[in-house]
>>> print(open('query34.txt').read())   # compact mmCIF, C-alpha atoms
# COMPACT_ATOMS: atom_id res chain seq x y z
CA MET A 19 2.19 31.30 -47.24
CA ASN A 20 1.05 28.29 -45.30
CA PRO A 21 -0.93 29.06 -42.16
CA GLN A 22 0.59 27.57 -39.02
CA PRO A 23 -1.27 24.60 -37.53
CA LYS A 24 -3.22 25.40 -34.39
CA SER A 25 -1.85 24.26 -31.06
CA PHE A 26 -3.78 21.59 -29.22
CA SER A 27 -4.95 22.29 -25.67
CA ALA A 28 -6.95 19.67 -23.81
CA LYS A 29 -10.14 20.77 -22.08
CA PRO A 30 -10.62 19.55 -18.48
CA ALA A 31 -14.03 17.99 -19.20
CA GLU A 32 -12.66 16.04 -22.19
CA ALA A 33 -9.67 14.85 -20.16
CA ARG A 34 -11.93 13.59 -17.33
CA ASN A 35 -13.98 11.52 -19.80
CA GLU A 36 -10.88 9.80 -21.24
CA ARG A 37 -9.38 8.61 -17.94
CA THR A 38 -8.55 4.94 -17.58
CA TRP A 39 -7.49 2.86 -14.58
CA TRP A 40 -4.12 1.09 -14.44
CA VAL A 41 -2.83 -1.44 -11.92
CA ILE A 42 0.88 -1.99 -11.29
CA ASP A 43 2.51 -4.65 -9.11
CA ALA A 44 5.34 -3.14 -7.04
CA GLU A 45 6.83 -6.49 -6.01
CA GLY A 46 10.57 -6.48 -6.69
CA LYS A 47 10.52 -3.11 -8.51
CA PRO A 48 12.99 -0.36 -7.50
CA LEU A 49 11.17 2.46 -5.71
CA GLY A 50 12.50 5.38 -7.78
CA ARG A 51 11.92 3.82 -11.18
CA LEU A 52 8.45 2.72 -10.14
CA ALA A 53 7.60 6.19 -8.83
CA SER A 54 8.77 7.94 -12.01
CA ARG A 55 6.62 5.62 -14.16
CA ILE A 56 3.60 6.24 -11.91
CA ALA A 57 4.15 10.03 -11.95
CA THR A 58 4.30 10.01 -15.76
CA VAL A 59 0.96 8.19 -16.03
CA LEU A 60 -0.70 10.34 -13.32
CA ARG A 61 0.42 13.51 -15.12
CA GLY A 62 -0.64 12.21 -18.54
CA LYS A 63 2.76 12.69 -20.18
CA ASN A 64 2.44 9.30 -21.86
CA LYS A 65 -0.54 10.54 -23.92
CA PRO A 66 -0.50 12.60 -27.11
CA THR A 67 -3.12 14.90 -25.54
CA PHE A 68 -0.78 16.05 -22.73
CA THR A 69 -1.38 19.64 -21.70
CA PRO A 70 0.80 21.02 -18.87
CA HIS A 71 -1.91 22.98 -17.03
CA VAL A 72 -4.71 20.37 -17.34
CA ASP A 73 -5.09 17.05 -15.51
CA THR A 74 -4.94 14.68 -18.51
CA GLY A 75 -3.60 11.69 -16.55
CA ASP A 76 -5.10 8.38 -15.53
CA PHE A 77 -5.76 6.62 -12.22
CA VAL A 78 -3.02 4.28 -10.94
CA ILE A 79 -3.49 1.43 -8.46
CA VAL A 80 -0.32 0.07 -6.85
CA VAL A 81 -0.49 -3.36 -5.20
CA ASN A 82 2.14 -5.21 -3.13
CA ALA A 83 3.61 -1.92 -1.88
CA LYS A 84 5.26 -3.68 1.07
CA LYS A 85 7.41 -5.70 -1.36
CA VAL A 86 8.92 -2.67 -3.15
CA LEU A 87 12.69 -2.86 -3.63
CA LEU A 88 15.23 -0.41 -2.25
CA THR A 89 18.69 -1.08 -3.66
CA GLY A 90 21.91 -1.08 -1.68
CA ARG A 91 21.66 -0.39 2.06
CA LYS A 92 18.83 2.14 1.75
CA LEU A 93 16.50 0.12 4.00
CA GLN A 94 18.81 0.88 6.93
CA GLN A 95 20.49 4.14 5.84
CA LYS A 96 17.76 6.15 4.08
CA ASN A 97 15.61 8.04 6.56
CA TYR A 98 12.13 9.50 6.46
CA VAL A 99 12.28 12.78 8.39
CA ARG A 100 9.58 15.11 9.65
CA HIS A 101 9.29 17.99 12.09
CA SER A 102 6.25 18.94 14.16
CA GLY A 103 7.21 22.62 14.27
CA GLU A 104 7.72 22.51 18.05
CA PRO A 105 11.17 22.72 19.65
CA GLY A 106 12.60 19.21 19.76
CA GLY A 107 9.95 18.02 17.29
CA PHE A 108 12.37 16.42 14.81
CA ARG A 109 11.56 12.76 14.07
CA SER A 110 13.58 10.39 11.93
CA GLU A 111 12.76 6.83 10.90
CA SER A 112 14.56 4.38 8.61
CA TYR A 113 12.74 3.28 5.47
CA GLY A 114 12.94 -0.34 6.61
CA HIS A 115 10.95 0.50 9.74
CA LEU A 116 8.59 2.74 7.74
CA LEU A 117 7.87 -0.10 5.27
CA GLU A 118 6.84 -2.31 8.19
CA ARG A 119 4.71 0.38 9.85
CA LYS A 120 3.05 2.05 6.82
CA PRO A 121 4.00 0.21 3.60
CA GLU A 122 2.06 2.64 1.36
CA LEU A 123 3.88 5.80 2.49
CA PRO A 124 7.27 5.39 0.72
CA ILE A 125 5.59 5.04 -2.69
CA GLN A 126 3.23 7.96 -2.01
CA LYS A 127 6.12 10.21 -0.90
CA ALA A 128 8.30 9.24 -3.87
CA VAL A 129 5.51 9.97 -6.37
CA LYS A 130 4.53 13.21 -4.61
CA GLY A 131 8.10 14.46 -4.98
CA MET A 132 7.91 13.93 -8.75
CA LEU A 133 4.65 15.84 -9.27
CA PRO A 134 4.21 19.62 -9.58
CA LYS A 135 4.28 21.53 -6.30
CA ASN A 136 0.94 23.31 -6.77
CA ILE A 137 -2.82 22.71 -6.79
CA LEU A 138 -2.52 20.50 -9.89
CA GLY A 139 0.04 18.25 -8.18
CA ARG A 140 -2.17 17.78 -5.13
CA GLU A 141 -5.11 16.97 -7.40
CA LEU A 142 -3.02 14.41 -9.34
CA LEU A 143 -2.00 12.67 -6.11
CA THR A 144 -5.64 11.87 -5.32
CA LYS A 145 -5.67 9.57 -8.37
CA LEU A 146 -2.96 7.35 -6.84
CA LYS A 147 -4.27 4.37 -4.86
CA VAL A 148 -1.62 2.36 -2.98
CA TYR A 149 -2.25 -0.97 -1.20
CA ALA A 150 0.19 -3.02 0.87
CA GLY A 151 -1.13 -6.40 -0.26
CA PRO A 152 -2.13 -7.95 -3.60
CA ASP A 153 -5.84 -7.03 -3.32
CA HIS A 154 -7.60 -3.75 -4.14
CA PRO A 155 -11.27 -2.66 -4.05
CA HIS A 156 -11.30 -1.14 -7.57
CA ALA A 157 -12.32 -4.18 -9.63
CA ALA A 158 -15.46 -2.37 -10.83
CA GLN A 159 -13.29 0.16 -12.70
CA LYS A 160 -11.74 -2.69 -14.74
CA PRO A 161 -8.08 -1.65 -14.32
CA GLN A 162 -5.59 -2.81 -16.94
CA PRO A 163 -2.06 -3.96 -16.05
CA LEU A 164 0.50 -1.21 -16.60
CA SER A 165 3.63 -2.34 -18.41
CA TYR A 166 6.78 -1.53 -16.48
CA SER A 167 9.56 -0.59 -18.86
>>> encode(input="query34.txt", output="structure tokens")
Amino acid sequence: MNPQPKSFSAKPAEARNERTWWVIDAEGKPLGRLASRIATVLRGKNKPTFTPHVDTGDFVIVVNAKKVLLTGRKLQQKNYVRHSGEPGGFRSESYGHLLERKPELPIQKAVKGMLPKNILGRELLTKLKVYAGPDHPHAAQKPQPLSYS
């Protein structure tokens, strides 16, 4: 009888030591496809050491967030909605207006929706850095360009 191979489970300290920084240019990229690629890297699913309950992902820097692409008529028709909890507190805003006002928010919301809805998901979201323009203050971390495929 052959003994079964042991399952691999990443340790949090080991995963923290192996984190790398990636930079991705959002210019002309569809929002949903971009967000799913970012969520995969943040979660660590692109690594062979992926463990569901451990943060094995990397940091992701997104530049040119204001130039992200929404296909079709989504800029006018897709709405960002929120409610204050008070009567009459419903607020709705088109994504076109939201991109002008806060260009980082659509990418952050799209990625947040693709992450786990628990403490781990909120922790993963802190590793996402989104910037409206082409510059970012993370040059000291030596980020590598992330291939978009």
>>> residues_around(input="query34.txt", residues="region 107-116 of chain A", least_positions_apart="3", cutoff="8 Å", atoms="all atoms listed in the file", output="PyMOL selection string")
chain A and resi 92-104+119-121+123-124
>>> residues_around(input="query34.txt", residues="Gly62 (chain A)", least_positions_apart="3", cutoff="8 Å", atoms="only C-alpha atoms", output="ChimeraX atom specification")
/A:58-59,65,67-68,73-76
>>> atom_distance(input="query34.txt", atom1="CA of Ser54 (chain A)", atom2="CA of Leu164 (chain A)")
13.2 Å
>>> residues_around(input="query34.txt", residues="Pro161 (chain A)", least_positions_apart="3", cutoff="8 Å", atoms="all atoms listed in the file", output="PyMOL selection string")
chain A and resi 38-41+156-157
>>> write_last_selection(input="query34.txt", atoms="C-alpha atoms", output="CSV table (one decimal), in the frame of the given file")
chain,number,residue,atom,x,y,z
A,38,THR,CA,-8.6,4.9,-17.6
A,39,TRP,CA,-7.5,2.9,-14.6
A,40,TRP,CA,-4.1,1.1,-14.4
A,41,VAL,CA,-2.8,-1.4,-11.9
A,156,HIS,CA,-11.3,-1.1,-7.6
A,157,ALA,CA,-12.3,-4.2,-9.6
>>> closest_residue(input="query34.txt", among="A:Gly131, A:Pro23, A:Pro30, A:Pro152", to="Pro70 (chain A)", atoms="all atoms listed in the file")
A:Pro30
>>> residues_around(input="query34.txt", residues="region 133-146 of chain A", least_positions_apart="5", cutoff="7 Å", atoms="all atoms listed in the file", output="number ranges by chain")
A: 57, 60-61, 77-79
>>> atom_distance(input="query34.txt", atom1="CA of Val72 (chain A)", atom2="CA of Val148 (chain A)")
23.2 Å
>>> atom_distance(input="query34.txt", atom1="CA of His71 (chain A)", atom2="CA of Lys160 (chain A)")
27.6 Å
>>> axis_aligned_box(input="query34.txt", around="region 124-134 of chain A", padding_each_side="8 Å", output="lines of an AutoDock Vina configuration file")
center_x = 5.8
center_y = 12.3
center_z = -4.4
size_x = 21.1
size_y = 30.6
size_z = 26.3
>>> closest_residue(input="query34.txt", among="A:Ala83, A:Ala158, A:Ala31, A:Ala128", to="Arg55 (chain A)", atoms="only C-alpha atoms")
A:Ala128
>>> closest_residue(input="query34.txt", among="A:Val80, A:Lys29, A:Glu36, A:Pro48", to="Pro155 (chain A)", atoms="only C-alpha atoms")
A:Val80
>>> residues_near_point(input="query34.txt", point="(4.6, -3.3, -6.3)", cutoff="10 Å", atoms="only C-alpha atoms", output="list of chain:residue names")
A:Val41, A:Ile42, A:Asp43, A:Ala44, A:Glu45, A:Gly46, A:Lys47, A:Pro48, A:Leu49, A:Leu52, A:Ile79, A:Val80, A:Val81, A:Asn82, A:Ala83, A:Lys84, A:Lys85, A:Val86, A:Leu87, A:Ile125, A:Val148, A:Tyr149, A:Ala150, A:Gly151, A:Pro152
>>> decode(input="query34.txt", residues="region 27-86 of chain A", atoms="C-alpha atoms", output="compact mmCIF listing (two decimals), in the first residue's frame")
# COMPACT_ATOMS: atom_id res chain seq x y z
CA SER A 27 -1.51 24.13 3.59
CA ALA A 28 0.23 27.50 3.45
CA LYS A 29 1.14 29.14 6.73
CA PRO A 30 0.25 32.85 7.09
CA ALA A 31 3.81 33.89 7.96
CA GLU A 32 5.24 32.09 4.90
CA ALA A 33 2.60 33.63 2.64
CA ARG A 34 3.40 37.16 3.91
CA ASN A 35 7.10 36.68 3.09
CA GLU A 36 6.37 35.61 -0.50
CA ARG A 37 4.17 38.57 -1.49
CA THR A 38 5.10 40.54 -4.58
CA TRP A 39 3.78 43.81 -5.99
CA TRP A 40 2.09 44.00 -9.40
CA VAL A 41 1.06 47.05 -11.41
CA ILE A 42 -1.69 46.93 -14.03
CA ASP A 43 -2.74 49.68 -16.44
CA ALA A 44 -6.54 49.93 -16.64
CA GLU A 45 -6.58 52.12 -19.75
CA GLY A 46 -8.97 50.64 -22.32
CA LYS A 47 -9.58 47.43 -20.32
CA PRO A 48 -13.17 46.25 -19.66
CA LEU A 49 -14.06 46.73 -15.99
CA GLY A 50 -15.34 43.22 -15.26
CA ARG A 51 -12.48 41.35 -16.90
CA LEU A 52 -9.97 43.62 -15.19
CA ALA A 53 -11.63 43.14 -11.80
CA SER A 54 -11.68 39.34 -12.10
CA ARG A 55 -7.96 39.28 -12.95
CA ILE A 56 -7.19 41.56 -9.99
CA ALA A 57 -9.34 39.46 -7.61
CA THR A 58 -7.52 36.29 -8.70
CA VAL A 59 -4.11 37.82 -7.93
CA LEU A 60 -5.27 39.36 -4.63
CA ARG A 61 -6.65 35.99 -3.51
CA GLY A 62 -3.55 34.09 -4.64
CA LYS A 63 -5.41 31.66 -6.90
CA ASN A 64 -2.75 32.08 -9.58
CA LYS A 65 -0.12 30.48 -7.29
CA PRO A 66 0.49 26.79 -6.64
CA THR A 67 0.53 27.56 -2.90
CA PHE A 68 -3.12 28.71 -2.85
CA THR A 69 -4.88 27.88 0.39
CA PRO A 70 -8.53 28.98 0.72
CA HIS A 71 -8.41 30.15 4.34
CA VAL A 72 -5.00 31.92 4.17
CA ASP A 73 -4.10 35.22 2.48
CA THR A 74 -1.60 33.91 -0.09
CA GLY A 75 -2.16 36.72 -2.61
CA ASP A 76 -0.05 39.62 -3.78
CA PHE A 77 -0.41 43.41 -3.79
CA VAL A 78 -1.96 44.98 -6.91
CA ILE A 79 -1.55 48.60 -8.03
CA VAL A 80 -4.03 49.84 -10.64
CA VAL A 81 -3.13 52.99 -12.59
CA ASN A 82 -5.23 55.00 -15.08
CA ALA A 83 -8.47 53.99 -13.32
CA LYS A 84 -10.33 56.91 -14.91
CA LYS A 85 -9.72 55.40 -18.36
CA VAL A 86 -11.32 52.01 -17.60
